[in-house]
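Q: Structure in structure tokens, see below.
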Amino acid sequence: YLRTRHRIIRRLCQIEGISIEDEIVTCVGEIRKQKWGAIIVLDRENSLKTVSDDGIKMGSVFSPELIMSIFNPHSLLHDGAVIIQNDILEAAACILPLTESTSIAPDMGTRHRAALGLSEETDAIIIVVAEETKKVSVAENGRFVNIGKDEMALLRYLNEQLFITSGD
């Protein structure tokens, strides 16, 4: 059911000409320009209900403007992660489990530890924007993925990882 629903939503977005991946990359670019931090969790097959239940329920259609308003440091919701499932912003200000790994780079902070921690427990893709360095990192399957340095590399990665073909 989820794969079919995911495929239908993806097709509708493609008809409109803008994919959610494009919009996420736009958000990440703007957050970097503003020198803000962010954790964006893209839900896949594993349920993130326990994580989203601890945050602030949103249930809103995804929009770059909403993400930008959440991660604005003056927002009460800017600490923590947002959970996105398909095109729905499920929750904001979510607290993620921190990794116990000692192999994490010393320059990576709490956001990175949280992203890695969730990626160890679920199949989610977690995008981290570091406030200080403006570096974008992606955690998946218990590790950080080298996606390249520009926004097009992030877009290619998201398209590869999130696109579900009609054969699935």
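By convention in this document, the chains of the structure tokens carry letters A, B, ... by their order, each chain's residues are numbered from 1, and ligands are numbered from 1 in the order they are shown.
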I need the residues of segment 14-156 of chain A that end up classed as alpha helix (DSSP H) by DSSP on the backbone, written out as a PyMOL selection string.
A: chain A and resi 14-16+20-34+49-53+64-71+110-121+151-156
Q: Counting only C-alpha atoms, what are the residues of segment 97-123 of chain A within 12 Å of segment 21-39 of chain A, and for each of them which pair of atoms is the nearest and at what distance in Å, to one decimal? Sort the table by chain and rising number, as a tab-separated table.
A:
```
residue	atom	partner	partner_atom	distance
A:Gly109	CA	A:Gly37	CA	10.9
A:Thr110	CA	A:Ile39	CA	10.5
A:Arg111	CA	A:Ile39	CA	6.8
A:His112	CA	A:Ile39	CA	8.6
A:Arg113	CA	A:Ile39	CA	11.0
A:Ala114	CA	A:Ile39	CA	8.8
A:Ala115	CA	A:Ile39	CA	7.3
A:Leu116	CA	A:Ile39	CA	11.0
A:Leu118	CA	A:Ile39	CA	11.1
```
Q: At what distance in Å, to one decimal, does atom CA of Glu140 of chain A lie from atom CA of Glu160 of chain A?
A: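 These two atoms are separated by 13.2 Å.
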Q: With 10 Å as the cut-off and only C-alpha atoms counted, what is the closest atom pair between each nearby residue of segment 47-87 of chain A and segment 120-134 of chain A? Distances in Å to one decimal, ordered by chain and number, as CSV.
A:
```
residue,atom,partner,partner_atom,distance
A:Ser47,CA,A:Thr122,CA,8.0
A:Leu48,CA,A:Thr122,CA,7.9
A:Ala81,CA,A:Ile126,CA,9.2
A:Val82,CA,A:Ile126,CA,9.7
A:Ile83,CA,A:Ile126,CA,9.3
A:Ile84,CA,A:Ala124,CA,9.8
A:Gln85,CA,A:Ala124,CA,9.8
```
Q: Residues of segment 17-128 of chain A in strand (DSSP E) according to DSSP, as a PyMOL selection string?
A: chain A and resi 38-42+56-61+81-85+88-94+125-128
Q: Between A:Asn46, A:Ser75, A:Asn159, A:Asn86, which is the closest to Phe62 of chain A once you count only C-alpha atoms?
A: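 The closest residue to Phe62 of chain A is A:Asn86.
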